[in-house]
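Next up, upload_8.pdb (PDB, C-alpha atoms):
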```pdb
ATOM      1  CA  MET B 410     -18.817 -12.862  -5.842
ATOM      2  CA  CYS B 411     -18.720  -9.093  -5.805
ATOM      3  CA  LEU B 412     -21.753  -7.477  -4.217
ATOM      4  CA  LEU B 413     -20.532  -3.944  -4.616
ATOM      5  CA  SER B 414     -20.190  -1.693  -7.628
ATOM      6  CA  PHE B 415     -16.719  -0.266  -8.170
ATOM      7  CA  SER B 416     -14.422   0.784 -10.909
ATOM      8  CA  PRO B 417     -11.217  -0.985  -9.869
ATOM      9  CA  HIS B 418      -8.338   1.246 -10.752
ATOM     10  CA  SER B 419      -4.792   2.013  -9.937
ATOM     11  CA  THR B 420      -2.804   5.170 -10.248
ATOM     12  CA  THR B 421       0.876   5.776 -10.610
ATOM     13  CA  VAL B 422       2.035   9.346 -10.381
ATOM     14  CA  MET B 423       5.746   9.648 -10.860
ATOM     15  CA  ALA B 424       6.548   6.257  -9.366
ATOM     16  CA  LEU B 425       9.637   6.329  -7.200
ATOM     17  CA  SER B 426      11.341   3.735  -9.345
ATOM     18  CA  GLU B 427      11.436   6.431 -12.017
ATOM     19  CA  ASN B 428      12.737   9.003  -9.611
ATOM     20  CA  ALA B 429      16.174   7.867  -8.501
ATOM     21  CA  LYS B 430      16.965  11.470  -7.633
ATOM     22  CA  VAL B 431      15.321  11.039  -4.244
ATOM     23  CA  PRO B 432      17.304   8.661  -2.044
ATOM     24  CA  PRO B 433      15.939   7.522   1.321
ATOM     25  CA  PRO B 434      15.223   8.497   3.966
ATOM     26  CA  TYR B 435      11.899  10.052   3.039
ATOM     27  CA  TYR B 436       8.360   9.672   4.348
ATOM     28  CA  ALA B 437       5.413   7.533   3.314
ATOM     29  CA  VAL B 438       1.755   7.971   4.210
ATOM     30  CA  ILE B 439       0.088   4.579   3.832
ATOM     31  CA  PHE B 440      -3.673   5.001   3.429
ATOM     32  CA  VAL B 441      -5.680   1.757   3.669
ATOM     33  CA  SER B 442      -9.391   2.208   3.022
ATOM     34  CA  GLN B 443     -12.641   0.417   2.381
ATOM     35  CA  ARG B 444     -14.942   2.275  -0.015
ATOM     36  CA  THR B 445     -18.699   2.434   0.284
ATOM     37  CA  PRO B 446     -20.598   1.208  -2.808
ATOM     38  CA  GLY B 447     -21.110   3.583  -5.738
ATOM     39  CA  ASP B 448     -19.052   6.533  -6.919
ATOM     40  CA  ASN B 449     -20.934   9.457  -5.340
ATOM     41  CA  GLY B 450     -18.387  11.987  -6.598
ATOM     42  CA  TYR B 451     -15.385  10.025  -5.381
ATOM     43  CA  GLY B 452     -13.697   9.716  -8.791
ATOM     44  CA  ASP B 453     -13.699  13.449  -9.463
ATOM     45  CA  ALA B 454     -12.540  14.328  -5.953
ATOM     46  CA  SER B 455      -9.796  11.701  -6.094
ATOM     47  CA  ALA B 456      -8.524  12.997  -9.438
ATOM     48  CA  ARG B 457      -8.564  16.551  -8.081
ATOM     49  CA  MET B 458      -6.513  15.524  -5.020
ATOM     50  CA  VAL B 459      -3.967  13.706  -7.195
ATOM     51  CA  ALA B 460      -3.584  16.834  -9.341
ATOM     52  CA  MET B 461      -3.227  19.045  -6.270
ATOM     53  CA  VAL B 462      -0.748  16.903  -4.343
ATOM     54  CA  LYS B 463       1.572  16.830  -7.350
ATOM     55  CA  ASP B 464       2.048  20.578  -6.891
ATOM     56  CA  GLN B 465       2.586  20.278  -3.144
ATOM     57  CA  PRO B 466       6.151  21.210  -2.042
ATOM     58  CA  GLY B 467       8.039  18.115  -0.945
ATOM     59  CA  PHE B 468       5.756  15.649  -2.717
ATOM     60  CA  ILE B 469       7.768  12.854  -4.368
ATOM     61  CA  GLY B 470       5.215  10.448  -5.848
ATOM     62  CA  MET B 471       2.403   8.046  -5.080
ATOM     63  CA  GLU B 472       1.178   4.521  -5.737
ATOM     64  CA  SER B 473      -2.403   3.336  -5.514
ATOM     65  CA  ALA B 474      -4.400   0.142  -6.033
ATOM     66  CA  ARG B 475      -8.019  -0.802  -5.322
ATOM     67  CA  GLY B 476      -9.684  -4.178  -5.754
ATOM     68  CA  ALA B 477     -13.159  -4.941  -7.037
ATOM     69  CA  ASP B 478     -14.325  -5.292  -3.423
ATOM     70  CA  GLY B 479     -13.542  -1.643  -2.707
ATOM     71  CA  LYS B 480     -10.501  -2.302  -0.531
ATOM     72  CA  GLY B 481      -7.712   0.068  -1.506
ATOM     73  CA  ILE B 482      -4.209   1.119  -0.560
ATOM     74  CA  THR B 483      -2.579   4.410  -1.515
ATOM     75  CA  VAL B 484       0.988   5.255  -0.547
ATOM     76  CA  ALA B 485       2.075   8.879  -0.910
ATOM     77  CA  PHE B 486       5.752   9.756  -0.561
ATOM     78  CA  PHE B 487       7.059  13.079   0.752
ATOM     79  CA  GLU B 488      10.530  14.466   1.378
ATOM     80  CA  THR B 489       9.823  15.586   4.946
ATOM     81  CA  GLU B 490       7.274  15.202   7.721
ATOM     82  CA  ASP B 491       6.646  18.944   7.432
ATOM     83  CA  ALA B 492       5.557  18.447   3.833
ATOM     84  CA  ILE B 493       2.995  15.892   5.026
ATOM     85  CA  ARG B 494       1.717  18.294   7.666
ATOM     86  CA  GLU B 495       1.422  21.124   5.132
ATOM     87  CA  TRP B 496      -0.562  18.916   2.757
ATOM     88  CA  GLY B 497      -2.807  18.019   5.689
ATOM     89  CA  ARG B 498      -3.526  21.731   6.211
ATOM     90  CA  VAL B 499      -4.671  22.465   2.652
ATOM     91  CA  ALA B 500      -8.302  23.561   2.930
ATOM     92  CA  GLU B 501      -9.625  21.667  -0.102
ATOM     93  CA  HIS B 502      -7.818  18.524   1.091
ATOM     94  CA  ARG B 503      -9.419  18.867   4.517
ATOM     95  CA  GLN B 504     -12.852  19.272   2.952
ATOM     96  CA  VAL B 505     -12.317  16.097   0.901
ATOM     97  CA  GLN B 506     -11.344  14.219   4.071
ATOM     98  CA  THR B 507     -14.591  15.345   5.671
ATOM     99  CA  ASP B 508     -16.541  14.277   2.586
ATOM    100  CA  GLY B 509     -14.710  10.943   2.664
ATOM    101  CA  ARG B 510     -15.866  10.177   6.186
ATOM    102  CA  ALA B 511     -19.422  11.275   5.374
ATOM    103  CA  THR B 512     -19.773   9.443   2.069
ATOM    104  CA  TRP B 513     -16.940   7.448   0.517
ATOM    105  CA  TYR B 514     -15.364   5.293   3.227
ATOM    106  CA  GLU B 515     -16.523   2.559   5.563
ATOM    107  CA  HIS B 516     -13.236   2.731   7.427
ATOM    108  CA  TYR B 517      -9.647   3.687   6.919
ATOM    109  CA  GLU B 518      -6.268   3.465   8.582
ATOM    110  CA  ILE B 519      -3.343   5.819   8.000
ATOM    111  CA  TYR B 520       0.203   4.696   8.794
ATOM    112  CA  TYR B 521       2.757   7.504   8.950
ATOM    113  CA  SER B 522       6.145   6.022   8.243
ATOM    114  CA  ARG B 523       9.735   6.747   7.276
ATOM    115  CA  VAL B 524      11.231   4.910   4.301
ATOM    116  CA  ASP B 525      14.799   3.844   4.992
ATOM    117  CA  ARG B 526      15.581   1.559   2.070
ATOM    118  CA  VAL B 527      14.181   0.770  -1.368
ATOM    119  CA  ARG B 528      14.634  -2.208  -3.673
ATOM    120  CA  SER B 529      13.299  -2.291  -7.160
ATOM    121  CA  TRP B 530      13.207  -4.903  -9.887
ATOM    122  CA  THR B 531      12.060  -4.834 -13.516
ATOM    123  CA  LYS B 532      11.786  -7.802 -15.853
ATOM    124  CA  ARG B 533      14.329  -7.714 -18.641
ATOM    125  CA  VAL B 534      13.259  -8.662 -22.145
ATOM    126  CA  SER B 535      15.658 -11.585 -21.991
ATOM    127  CA  ASP B 536      14.126 -12.944 -18.754
TER     128      ASP B 536
ATOM    129  CA  MET C1433     -10.446  -1.166 -21.071
ATOM    130  CA  CYS C1434      -8.721  -4.033 -19.363
ATOM    131  CA  LEU C1435      -6.403  -6.010 -21.591
ATOM    132  CA  LEU C1436      -5.261  -8.387 -18.886
ATOM    133  CA  SER C1437      -6.964 -11.219 -17.080
ATOM    134  CA  PHE C1438      -6.938 -10.994 -13.312
ATOM    135  CA  SER C1439      -8.985 -11.853 -10.322
ATOM    136  CA  PRO C1440      -8.932  -8.570  -8.442
ATOM    137  CA  HIS C1441      -8.756  -9.346  -4.774
ATOM    138  CA  SER C1442      -7.738  -7.952  -1.460
ATOM    139  CA  THR C1443      -6.597  -9.626   1.685
ATOM    140  CA  THR C1444      -6.749  -8.539   5.275
ATOM    141  CA  VAL C1445      -4.925 -10.703   7.759
ATOM    142  CA  MET C1446      -5.315  -9.431  11.277
ATOM    143  CA  ALA C1447      -5.592  -5.783  10.263
ATOM    144  CA  LEU C1448      -3.712  -3.495  12.588
ATOM    145  CA  SER C1449      -6.844  -1.579  13.429
ATOM    146  CA  GLU C1450      -7.990  -4.755  15.176
ATOM    147  CA  ASN C1451      -4.704  -5.162  16.945
ATOM    148  CA  ALA C1452      -4.333  -2.216  19.303
ATOM    149  CA  LYS C1453      -1.911  -4.284  21.361
ATOM    150  CA  VAL C1454       0.935  -3.283  19.049
ATOM    151  CA  PRO C1455       1.712   0.421  19.369
ATOM    152  CA  PRO C1456       4.208   2.101  17.022
ATOM    153  CA  PRO C1457       7.029   2.141  16.296
ATOM    154  CA  TYR C1458       7.022  -1.019  14.178
ATOM    155  CA  TYR C1459       8.103  -1.802  10.644
ATOM    156  CA  ALA C1460       6.284  -1.947   7.315
ATOM    157  CA  VAL C1461       7.390  -3.615   4.104
ATOM    158  CA  ILE C1462       5.521  -1.906   1.262
ATOM    159  CA  PHE C1463       5.473  -4.155  -1.811
ATOM    160  CA  VAL C1464       4.236  -2.457  -5.004
ATOM    161  CA  SER C1465       3.963  -4.801  -7.965
ATOM    162  CA  GLN C1466       2.652  -5.195 -11.477
ATOM    163  CA  ARG C1467       1.459  -8.715 -12.262
ATOM    164  CA  THR C1468       1.899 -10.448 -15.576
ATOM    165  CA  PRO C1469      -1.361 -11.702 -17.191
ATOM    166  CA  GLY C1470      -2.829 -15.030 -16.074
ATOM    167  CA  ASP C1471      -2.577 -16.855 -12.766
ATOM    168  CA  ASN C1472       0.229 -19.341 -13.497
ATOM    169  CA  GLY C1473       0.232 -20.663  -9.932
ATOM    170  CA  TYR C1474       0.307 -17.217  -8.342
ATOM    171  CA  GLY C1475      -2.899 -17.632  -6.325
ATOM    172  CA  ASP C1476      -1.756 -20.830  -4.619
ATOM    173  CA  ALA C1477       1.721 -19.495  -3.889
ATOM    174  CA  SER C1478       0.307 -16.235  -2.557
ATOM    175  CA  ALA C1479      -2.097 -18.056  -0.225
ATOM    176  CA  ARG C1480       0.756 -20.270   0.985
ATOM    177  CA  MET C1481       2.934 -17.246   1.772
ATOM    178  CA  VAL C1482       0.094 -15.552   3.663
ATOM    179  CA  ALA C1483      -0.363 -18.712   5.745
ATOM    180  CA  MET C1484       3.376 -18.973   6.406
ATOM    181  CA  VAL C1485       4.021 -15.352   7.317
ATOM    182  CA  LYS C1486       1.250 -15.465   9.933
ATOM    183  CA  ASP C1487       3.384 -17.970  11.844
ATOM    184  CA  GLN C1488       6.555 -15.906  11.471
ATOM    185  CA  PRO C1489       7.850 -14.525  14.811
ATOM    186  CA  GLY C1490       7.342 -10.766  14.962
ATOM    187  CA  PHE C1491       4.696 -10.655  12.239
ATOM    188  CA  ILE C1492       1.887  -8.242  13.138
ATOM    189  CA  GLY C1493      -0.464  -8.180  10.164
ATOM    190  CA  MET C1494      -0.821  -7.286   6.505
ATOM    191  CA  GLU C1495      -3.005  -5.390   4.065
ATOM    192  CA  SER C1496      -3.258  -6.043   0.345
ATOM    193  CA  ALA C1497      -5.150  -4.695  -2.677
ATOM    194  CA  ARG C1498      -4.854  -5.344  -6.402
ATOM    195  CA  GLY C1499      -6.755  -3.668  -9.233
ATOM    196  CA  ALA C1500      -8.150  -5.241 -12.386
ATOM    197  CA  ASP C1501      -5.086  -3.976 -14.259
ATOM    198  CA  GLY C1502      -2.770  -6.154 -12.153
ATOM    199  CA  LYS C1503      -1.239  -3.310 -10.166
ATOM    200  CA  GLY C1504      -1.066  -4.282  -6.511
ATOM    201  CA  ILE C1505       0.149  -3.059  -3.149
ATOM    202  CA  THR C1506       0.777  -5.269  -0.137
ATOM    203  CA  VAL C1507       1.923  -3.868   3.190
ATOM    204  CA  ALA C1508       3.265  -6.332   5.763
ATOM    205  CA  PHE C1509       3.871  -5.162   9.316
ATOM    206  CA  PHE C1510       6.545  -6.580  11.639
ATOM    207  CA  GLU C1511       7.629  -5.788  15.176
ATOM    208  CA  THR C1512      11.328  -5.472  14.335
ATOM    209  CA  GLU C1513      13.693  -5.194  11.383
ATOM    210  CA  ASP C1514      15.192  -8.515  12.466
ATOM    211  CA  ALA C1515      11.797 -10.161  11.975
ATOM    212  CA  ILE C1516      11.735  -8.860   8.397
ATOM    213  CA  ARG C1517      15.229 -10.215   7.765
ATOM    214  CA  GLU C1518      14.299 -13.618   9.204
ATOM    215  CA  TRP C1519      11.227 -13.826   6.959
ATOM    216  CA  GLY C1520      13.481 -12.933   4.036
ATOM    217  CA  ARG C1521      15.686 -15.932   4.858
ATOM    218  CA  VAL C1522      12.897 -18.535   4.848
ATOM    219  CA  ALA C1523      13.744 -20.967   2.047
ATOM    220  CA  GLU C1524      10.222 -21.382   0.663
ATOM    221  CA  HIS C1525       9.767 -17.597   0.698
ATOM    222  CA  ARG C1526      13.017 -17.157  -1.236
ATOM    223  CA  GLN C1527      11.898 -19.723  -3.798
ATOM    224  CA  VAL C1528       8.603 -17.874  -4.268
ATOM    225  CA  GLN C1529      10.521 -14.628  -4.821
ATOM    226  CA  THR C1530      12.540 -16.340  -7.540
ATOM    227  CA  ASP C1531       9.356 -17.701  -9.104
ATOM    228  CA  GLY C1532       7.836 -14.236  -8.921
ATOM    229  CA  ARG C1533      10.637 -12.695 -10.945
ATOM    230  CA  ALA C1534      10.522 -15.540 -13.467
ATOM    231  CA  THR C1535       6.756 -15.668 -13.913
ATOM    232  CA  TRP C1536       4.385 -13.459 -11.949
ATOM    233  CA  TYR C1537       5.740  -9.904 -11.991
ATOM    234  CA  GLU C1538       6.576  -7.322 -14.627
ATOM    235  CA  HIS C1539       8.218  -5.136 -12.002
ATOM    236  CA  TYR C1540       8.105  -4.415  -8.315
ATOM    237  CA  GLU C1541       9.377  -1.976  -5.746
ATOM    238  CA  ILE C1542       9.879  -2.687  -2.047
ATOM    239  CA  TYR C1543       9.970   0.147   0.456
ATOM    240  CA  TYR C1544      11.331  -0.784   3.879
ATOM    241  CA  SER C1545       9.925   1.651   6.390
ATOM    242  CA  ARG C1546       9.297   2.349  10.058
ATOM    243  CA  VAL C1547       5.781   3.206  11.184
ATOM    244  CA  ASP C1548       5.790   5.992  13.755
ATOM    245  CA  ARG C1549       2.124   6.899  14.052
ATOM    246  CA  VAL C1550      -1.241   5.393  13.136
ATOM    247  CA  ARG C1551      -4.682   6.951  12.724
ATOM    248  CA  SER C1552      -7.763   4.910  12.190
ATOM    249  CA  TRP C1553     -11.393   5.755  11.536
ATOM    250  CA  THR C1554     -14.536   3.641  11.253
ATOM    251  CA  LYS C1555     -17.979   4.821  10.210
ATOM    252  CA  ARG C1556     -20.492   4.770  13.033
ATOM    253  CA  VAL C1557     -23.995   3.541  12.368
ATOM    254  CA  SER C1558     -25.279   6.998  13.240
ATOM    255  CA  ASP C1559     -23.006   8.727  10.692
TER     256      ASP C1559
END
```

Encoded form using structure tokens:
Amino acid sequence: MCLLSFSPHSTTVMALSENAKVPPPYYAVIFVSQRTPGDNGYGDASARMVAMVKDQPGFIGMESARGADGKGITVAFFETEDAIREWGRVAEHRQVQTDGRATWYEHYEIYYSRVDRVRSWTKRVSD
Amino acid sequence: MCLLSFSPHSTTVMALSENAKVPPPYYAVIFVSQRTPGDNGYGDASARMVAMVKDQPGFIGMESARGADGKGITVAFFETEDAIREWGRVAEHRQVQTDGRATWYEHYEIYYSRVDRVRSWTKRVSD
């Protein structure tokens, strides 16, 4: 039973599997969050952040998934830790973080990590 | 529009935010996957793996989310890289990986990473 009202969605922006030009090591920001019910401007702000981060120097790509219960995970990949810090300093990004704590999230955890190895698999037509 | 048939779900097993006893650095396996339509035994196998990994030495916790479109992200946290390797050698786990490629997944990517820093935030009642 789902008591909340969400639009489950997922976003792939330049998935790393399509971007073999960037070998590890690189850096991943793992954002695990629980949304509050309702949209309340979240969709527009989220789309704006995705558009902005794509232009951020050192940004590689991101993956995102959110279930019908509002639990979501977004992983954003960057070439360097400096690139992550710079993105964290962008004024509009900081404002959205503030709005997120005020309105959109019940809780979140952010894991700053370094990716050392990647494996990828795709079903072949003959499988 | 959702052309596929899924049960969007998310799983939290001993979320790290509840487990302050494990300070970084530790290791994260980020599993990004696209499910094929239908369950086909996936739910049972997934529940079995969650139960098994909780008993694996060095396992810390995991987070998981999957959208209605079948795109999912699971992050499993381990104390050491050896613990990840040992979990990878478990026979039933290996069989489930084989089944996953044959039946449950269109594609997946696995990012092996080291977590160096964690931030966590929870809404206060007064917020």

Subject >> Target residues per the PyMOL selection byres ((chain B) within 10 of (chain C)), formatted as a ChimeraX atom specification >> reply: /B:416-421,424-426,433-443,472-484,510-512,514-533,536

Subject >> Test item: the PyMOL selection byres ((chain B and resi 492-496) around 9) resolved as a list in words >> reply: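 With the shown file as input, the PyMOL selection byres ((chain B and resi 492-496) around 9) matches Tyr436, Ala437, Val438, Val462, Gln465, Pro466, Gly467, Phe468, Phe486, Phe487, Glu488, Thr489, Glu490, Asp491, Gly497, Arg498, Val499 and His502 of chain B.
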
**OP:** Grab the atom CA of Ala485 of chain B to atom CA of Lys463 of chain B distance for me, in Å with one decimal place.
**Re:**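 So the two atoms, atom CA of Ala485 of chain B and atom CA of Lys463 of chain B, lie 10.2 Å apart.
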
**OP:** Provide the atom CA of Met471 of chain B to atom CA of Ala1479 of chain C distance in Å, to one decimal place.
**Re:** 26.9 Å

**OP:** Could you check how far atom CA of Gly1473 of chain C sits from atom CA of Ala1523 of chain C, in Å to one decimal?
**Re:**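 According to the coordinates, atom CA of Gly1473 of chain C and atom CA of Ala1523 of chain C are separated by 18.1 Å.
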
Subject >> Within 10 Å of file point (0.2, -16.7, -13.9), counting all atoms listed in the file, expressed as a list of chain:residue names >> reply: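 Applying the cut-off with all atoms listed in the file, one gets C:Ser1437, C:Phe1438, C:Arg1467, C:Thr1468, C:Pro1469, C:Gly1470, C:Asp1471, C:Asn1472, C:Gly1473, C:Tyr1474, C:Gly1475, C:Gly1532, C:Thr1535, C:Trp1536, C:Tyr1537.
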